[in-house]
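Input: a single structure, listed below in structure tokens.
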Amino acid sequence: MNLGEFCENEAKGVVQSLVLDREKGELVKASGRVEKKIGISEGKTIAALKSHSEAERRRRQRINAHLSTLRNLVPSSDKMDKAALLAEVVCQVKQLKETATDVSERFFIPLDSDEIKVEIIAENAIDGTCLYRASICCEYMPHLLSDLKETINSLHVNLVKSEISTLGSRVKNVFLFTNLIDGGRATIEAREIFLSSVRQAFSSILDKVSAFPEYSAYPNKRQRISCFDSSSLLF
């Protein structure tokens, strides 16, 4: 039986084989019709493998497209492998983040997220008094400035300078002050307690702002930055 006959018979569901006829002492053809079965589970497995293969192909295409975009953004990256390219991208993103933070702090640009910072920025070597800086960034709401004024007055500080900047509905207030009860005699522990009390006072204002988001006074249609020194206006 040749290969063509075997394939034809197999397609018809007939399986033929050679068996030994003991009486004749020779090989003879033996045939028997069998029912050809294809398991349902086998069909599902094949379909699942095809689907997985197609999904994997699309995933690789997306990855390669994003890598190509990154190569266009990173200079001299043509000869970089994927690992080196991603490492360079991570490095540049960190640098950009640091630059953005530095710019926002230098020019007091309001950020998208609410933030409170309280820190010592200088110490007088002669009398030991410290210069403190406190800032709060949040959504603008009515009576925010009056609340800030009341808070500063309640802390018993000597206000040196205050600045306000706005961007859309966001506002950032920065205050420079010294502690009236410090007098250069405060210990490190006492200064930490003072910093904590200032931070808590500003947090109370931020909690009030967060509780009333509907009081945002500036629509987001026009984004305008304004900065001014408010020392002579408020305090």
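Chain lettering (A, B, ...) mirrors the order of the structure tokens, residue numbering begins at 1 for each chain separately, and ligand numbering begins at 1 in order of display.
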
Name the residues in contact with region 136-144 of chain A at a cut-off of 10 Å, using only C-alpha atoms, excluding same-chain residues fewer than 3 positions from it; report them as a PyMOL selection string. chain A and resi 108-118+147-150+164-175+199+202-203+205-206+208-210+212-218

DSSP on the backbone: what in region 32-180 of chain A comes out strand (DSSP E), as a ChimeraX atom specification? /A:32-33,115-123,130-139,157-167,170-179

Please write the residues from the selection above to a file, keeping N, CA and C atoms, as a tab-separated table (two decimals), in the first residue's frame.
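Generated output (part-v6.tsv):
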chain	number	residue	atom	x	y	z
A	32	GLY	N	-10.08	-2.39	8.80
A	32	GLY	CA	-11.19	-2.27	9.74
A	32	GLY	C	-11.64	-0.82	9.80
A	33	ARG	N	-12.90	-0.61	9.74
A	33	ARG	CA	-13.41	0.76	9.77
A	33	ARG	C	-13.50	1.22	11.23
A	115	GLU	N	-0.48	70.53	49.69
A	115	GLU	CA	0.83	70.33	50.33
A	115	GLU	C	1.06	71.35	51.43
A	116	ILE	N	1.70	70.90	52.50
A	116	ILE	CA	2.12	71.77	53.59
A	116	ILE	C	3.59	71.49	53.88
A	117	LYS	N	4.38	72.56	53.97
A	117	LYS	CA	5.79	72.42	54.32
A	117	LYS	C	6.13	73.42	55.43
A	118	VAL	N	6.83	72.94	56.44
A	118	VAL	CA	7.29	73.79	57.53
A	118	VAL	C	8.74	73.40	57.82
A	119	GLU	N	9.66	74.38	57.79
A	119	GLU	CA	11.07	74.05	57.95
A	119	GLU	C	11.86	75.26	58.46
A	120	ILE	N	13.05	74.96	59.00
A	120	ILE	CA	14.00	76.00	59.38
A	120	ILE	C	14.93	76.22	58.19
A	121	ILE	N	15.06	77.45	57.75
A	121	ILE	CA	15.89	77.72	56.57
A	121	ILE	C	17.17	78.49	56.92
A	122	ALA	N	17.25	79.07	58.10
A	122	ALA	CA	18.47	79.79	58.50
A	122	ALA	C	18.49	79.97	60.01
A	123	GLU	N	19.71	80.13	60.54
A	123	GLU	CA	19.88	80.36	61.98
A	123	GLU	C	20.88	81.49	62.18
A	130	CYS	N	16.09	81.46	64.84
A	130	CYS	CA	15.92	80.73	63.57
A	130	CYS	C	14.91	81.44	62.69
A	131	LEU	N	15.17	81.33	61.39
A	131	LEU	CA	14.21	81.82	60.41
A	131	LEU	C	13.45	80.62	59.87
A	132	TYR	N	12.13	80.67	60.00
A	132	TYR	CA	11.28	79.56	59.59
A	132	TYR	C	10.56	79.91	58.29
A	133	ARG	N	10.26	78.85	57.52
A	133	ARG	CA	9.43	79.02	56.33
A	133	ARG	C	8.30	78.00	56.37
A	134	ALA	N	7.09	78.50	56.17
A	134	ALA	CA	5.91	77.64	56.13
A	134	ALA	C	5.14	77.94	54.86
A	135	SER	N	4.69	76.90	54.18
A	135	SER	CA	3.93	77.09	52.95
A	135	SER	C	2.74	76.14	52.92
A	136	ILE	N	1.69	76.59	52.28
A	136	ILE	CA	0.50	75.77	52.11
A	136	ILE	C	0.00	75.96	50.68
A	137	CYS	N	-0.25	74.86	50.01
A	137	CYS	CA	-0.75	74.86	48.63
A	137	CYS	C	-2.08	74.11	48.60
A	138	CYS	N	-3.12	74.76	48.07
A	138	CYS	CA	-4.45	74.15	48.08
A	138	CYS	C	-5.37	74.89	47.12
A	139	GLU	N	-6.61	74.45	47.05
A	139	GLU	CA	-7.63	75.15	46.29
A	139	GLU	C	-8.02	76.44	47.02
A	157	VAL	N	4.32	84.61	66.20
A	157	VAL	CA	5.56	84.68	65.43
A	157	VAL	C	5.76	86.11	64.93
A	158	ASN	N	7.00	86.40	64.56
A	158	ASN	CA	7.33	87.68	63.96
A	158	ASN	C	7.40	87.48	62.45
A	159	LEU	N	6.37	87.91	61.74
A	159	LEU	CA	6.30	87.68	60.30
A	159	LEU	C	7.29	88.59	59.58
A	160	VAL	N	8.17	87.96	58.80
A	160	VAL	CA	9.18	88.69	58.04
A	160	VAL	C	8.70	88.98	56.62
A	161	LYS	N	8.07	88.00	56.00
A	161	LYS	CA	7.62	88.16	54.62
A	161	LYS	C	6.55	87.13	54.32
A	162	SER	N	5.62	87.49	53.46
A	162	SER	CA	4.61	86.53	52.98
A	162	SER	C	4.39	86.74	51.49
A	163	GLU	N	4.21	85.65	50.78
A	163	GLU	CA	3.99	85.71	49.34
A	163	GLU	C	2.82	84.82	48.96
A	164	ILE	N	2.11	85.21	47.93
A	164	ILE	CA	0.98	84.44	47.42
A	164	ILE	C	1.12	84.30	45.92
A	165	SER	N	0.89	83.11	45.40
A	165	SER	CA	0.85	82.89	43.96
A	165	SER	C	-0.38	82.07	43.62
A	166	THR	N	-0.97	82.32	42.48
A	166	THR	CA	-2.17	81.59	42.04
A	166	THR	C	-1.97	81.04	40.65
A	167	LEU	N	-2.61	79.92	40.39
A	167	LEU	CA	-2.61	79.29	39.07
A	167	LEU	C	-3.98	78.64	38.90
A	170	ARG	N	-5.87	77.16	41.92
A	170	ARG	CA	-4.91	76.77	42.94
A	170	ARG	C	-4.20	78.00	43.50
A	171	VAL	N	-3.85	77.93	44.77
A	171	VAL	CA	-3.16	79.05	45.42
A	171	VAL	C	-2.08	78.49	46.34
A	172	LYS	N	-0.96	79.20	46.39
A	172	LYS	CA	0.14	78.81	47.27
A	172	LYS	C	0.55	80.01	48.11
A	173	ASN	N	0.61	79.83	49.41
A	173	ASN	CA	0.99	80.88	50.35
A	173	ASN	C	2.28	80.48	51.05
A	174	VAL	N	3.24	81.39	51.05
A	174	VAL	CA	4.54	81.13	51.66
A	174	VAL	C	4.80	82.21	52.71
A	175	PHE	N	5.23	81.81	53.92
A	175	PHE	CA	5.47	82.74	55.02
A	175	PHE	C	6.89	82.53	55.57
A	176	LEU	N	7.58	83.63	55.80
A	176	LEU	CA	8.87	83.61	56.48
A	176	LEU	C	8.69	84.33	57.81
A	177	PHE	N	9.13	83.68	58.90
A	177	PHE	CA	8.91	84.28	60.21
A	177	PHE	C	9.93	83.75	61.21
A	178	THR	N	10.03	84.45	62.33
A	178	THR	CA	10.83	83.99	63.46
A	178	THR	C	9.89	83.74	64.64
A	179	ASN	N	10.38	82.97	65.57
A	179	ASN	CA	9.58	82.63	66.75
A	179	ASN	C	9.82	83.66	67.83

Contacts of Ala87 (chain A) at 12 Å or less, counting only C-alpha atoms, minus same-chain residues fewer than 5 places along, as a PyMOL selection string? chain A and resi 70+74+77+80-82+92-94

Members of region 34-233 of chain A assigned alpha helix (DSSP H) by DSSP, as an mmCIF file with C-alpha atoms, in the first residue's frame:
data_model
loop_
_atom_site.group_PDB
_atom_site.id
_atom_site.type_symbol
_atom_site.label_atom_id
_atom_site.label_comp_id
_atom_site.auth_asym_id
_atom_site.auth_seq_id
_atom_site.Cartn_x
_atom_site.Cartn_y
_atom_site.Cartn_z
ATOM 1 C CA ILE A 40 -13.634 18.766 21.901
ATOM 2 C CA SER A 41 -11.018 19.621 24.517
ATOM 3 C CA GLU A 42 -8.300 19.355 21.872
ATOM 4 C CA GLY A 43 -10.151 21.830 19.661
ATOM 5 C CA LYS A 44 -10.528 24.279 22.527
ATOM 6 C CA THR A 45 -6.841 23.973 23.342
ATOM 7 C CA ILE A 46 -5.857 24.768 19.764
ATOM 8 C CA ALA A 47 -8.175 27.797 19.714
ATOM 9 C CA ALA A 48 -6.782 29.034 23.039
ATOM 10 C CA LEU A 49 -3.211 28.674 21.785
ATOM 11 C CA LYS A 50 -4.032 30.643 18.648
ATOM 12 C CA SER A 51 -5.702 33.388 20.692
ATOM 13 C CA HIS A 52 -2.762 33.562 23.089
ATOM 14 C CA SER A 53 -0.294 33.712 20.218
ATOM 15 C CA GLU A 54 -2.201 36.582 18.593
ATOM 16 C CA ALA A 55 -2.411 38.487 21.877
ATOM 17 C CA GLU A 56 1.299 37.984 22.448
ATOM 18 C CA ARG A 57 2.050 39.275 18.941
ATOM 19 C CA ARG A 58 0.013 42.436 19.544
ATOM 20 C CA ARG A 59 1.715 42.944 22.920
ATOM 21 C CA ARG A 60 5.158 42.766 21.328
ATOM 22 C CA GLN A 61 4.055 45.257 18.684
ATOM 23 C CA ARG A 62 2.919 47.736 21.355
ATOM 24 C CA ILE A 63 6.162 47.338 23.308
ATOM 25 C CA ASN A 64 8.272 47.870 20.190
ATOM 26 C CA ALA A 65 6.217 50.943 19.250
ATOM 27 C CA HIS A 66 6.720 52.484 22.710
ATOM 28 C CA LEU A 67 10.442 51.673 22.619
ATOM 29 C CA SER A 68 10.681 53.354 19.240
ATOM 30 C CA THR A 69 9.011 56.450 20.699
ATOM 31 C CA LEU A 70 11.459 56.482 23.598
ATOM 32 C CA ARG A 71 14.408 56.230 21.204
ATOM 33 C CA ASN A 72 13.166 59.345 19.442
ATOM 34 C CA LEU A 73 12.973 61.189 22.769
ATOM 35 C CA LYS A 82 16.389 47.863 25.549
ATOM 36 C CA ALA A 83 17.771 47.703 29.102
ATOM 37 C CA ALA A 84 20.158 50.622 28.532
ATOM 38 C CA LEU A 85 17.407 52.653 26.861
ATOM 39 C CA LEU A 86 14.996 52.155 29.772
ATOM 40 C CA ALA A 87 17.728 53.003 32.298
ATOM 41 C CA GLU A 88 18.444 56.263 30.455
ATOM 42 C CA VAL A 89 14.745 57.122 30.341
ATOM 43 C CA VAL A 90 14.397 56.528 34.105
ATOM 44 C CA CYS A 91 17.416 58.777 34.732
ATOM 45 C CA GLN A 92 16.011 61.597 32.603
ATOM 46 C CA VAL A 93 12.550 61.360 34.192
ATOM 47 C CA LYS A 94 14.143 61.702 37.651
ATOM 48 C CA GLN A 95 16.089 64.752 36.495
ATOM 49 C CA LEU A 96 12.967 66.339 35.044
ATOM 50 C CA LYS A 97 11.078 65.709 38.276
ATOM 51 C CA GLU A 98 13.851 67.321 40.322
ATOM 52 C CA THR A 99 13.942 70.303 37.955
ATOM 53 C CA ALA A 100 10.169 70.738 38.153
ATOM 54 C CA THR A 101 10.267 70.608 41.952
ATOM 55 C CA ASP A 102 13.109 73.130 42.068
ATOM 56 C CA VAL A 103 11.283 75.520 39.736
ATOM 57 C CA SER A 104 8.017 75.246 41.650
ATOM 58 C CA GLU A 105 9.777 75.993 44.943
ATOM 59 C CA ARG A 106 11.831 78.851 43.519
ATOM 60 C CA PHE A 107 8.919 80.617 41.876
ATOM 61 C CA LEU A 144 -8.753 81.428 53.152
ATOM 62 C CA LEU A 145 -6.561 84.507 53.591
ATOM 63 C CA SER A 146 -8.351 85.598 56.741
ATOM 64 C CA ASP A 147 -7.953 82.081 58.167
ATOM 65 C CA LEU A 148 -4.245 82.189 57.378
ATOM 66 C CA LYS A 149 -3.909 85.572 59.050
ATOM 67 C CA GLU A 150 -5.684 84.334 62.157
ATOM 68 C CA THR A 151 -3.479 81.241 62.248
ATOM 69 C CA ILE A 152 -0.241 83.225 61.914
ATOM 70 C CA ASN A 153 -1.325 85.593 64.677
ATOM 71 C CA SER A 154 -2.203 82.691 66.980
ATOM 72 C CA ILE A 188 16.321 71.426 69.452
ATOM 73 C CA GLU A 189 13.386 69.645 71.076
ATOM 74 C CA ALA A 190 11.552 72.935 71.646
ATOM 75 C CA ARG A 191 12.058 73.920 68.006
ATOM 76 C CA GLU A 192 10.686 70.587 66.849
ATOM 77 C CA ILE A 193 7.627 71.126 69.024
ATOM 78 C CA PHE A 194 7.190 74.589 67.506
ATOM 79 C CA LEU A 195 7.491 73.198 63.962
ATOM 80 C CA SER A 196 4.903 70.559 64.828
ATOM 81 C CA SER A 197 2.469 73.156 66.155
ATOM 82 C CA VAL A 198 2.839 75.259 62.987
ATOM 83 C CA ARG A 199 2.302 72.191 60.832
ATOM 84 C CA GLN A 200 -0.806 71.240 62.802
ATOM 85 C CA ALA A 201 -2.237 74.752 62.524
ATOM 86 C CA PHE A 202 -1.789 74.773 58.744
ATOM 87 C CA SER A 203 -3.237 71.263 58.504
ATOM 88 C CA SER A 204 -6.429 72.529 60.156
ATOM 89 C CA ILE A 205 -6.788 75.091 57.368
ATOM 90 C CA LEU A 206 -6.165 72.434 54.727
ATOM 91 C CA ASP A 207 -8.802 70.191 56.291
ATOM 92 C CA LYS A 208 -11.299 73.046 56.075
ATOM 93 C CA VAL A 209 -10.472 73.597 52.397
ATOM 94 C CA SER A 210 -10.815 69.883 51.614
ATOM 95 C CA ALA A 211 -14.205 69.774 53.322
ATOM 96 C CA SER A 231 3.233 91.331 53.669
ATOM 97 C CA SER A 232 2.002 94.896 53.682
ATOM 98 C CA LEU A 233 -1.539 93.939 52.694
#
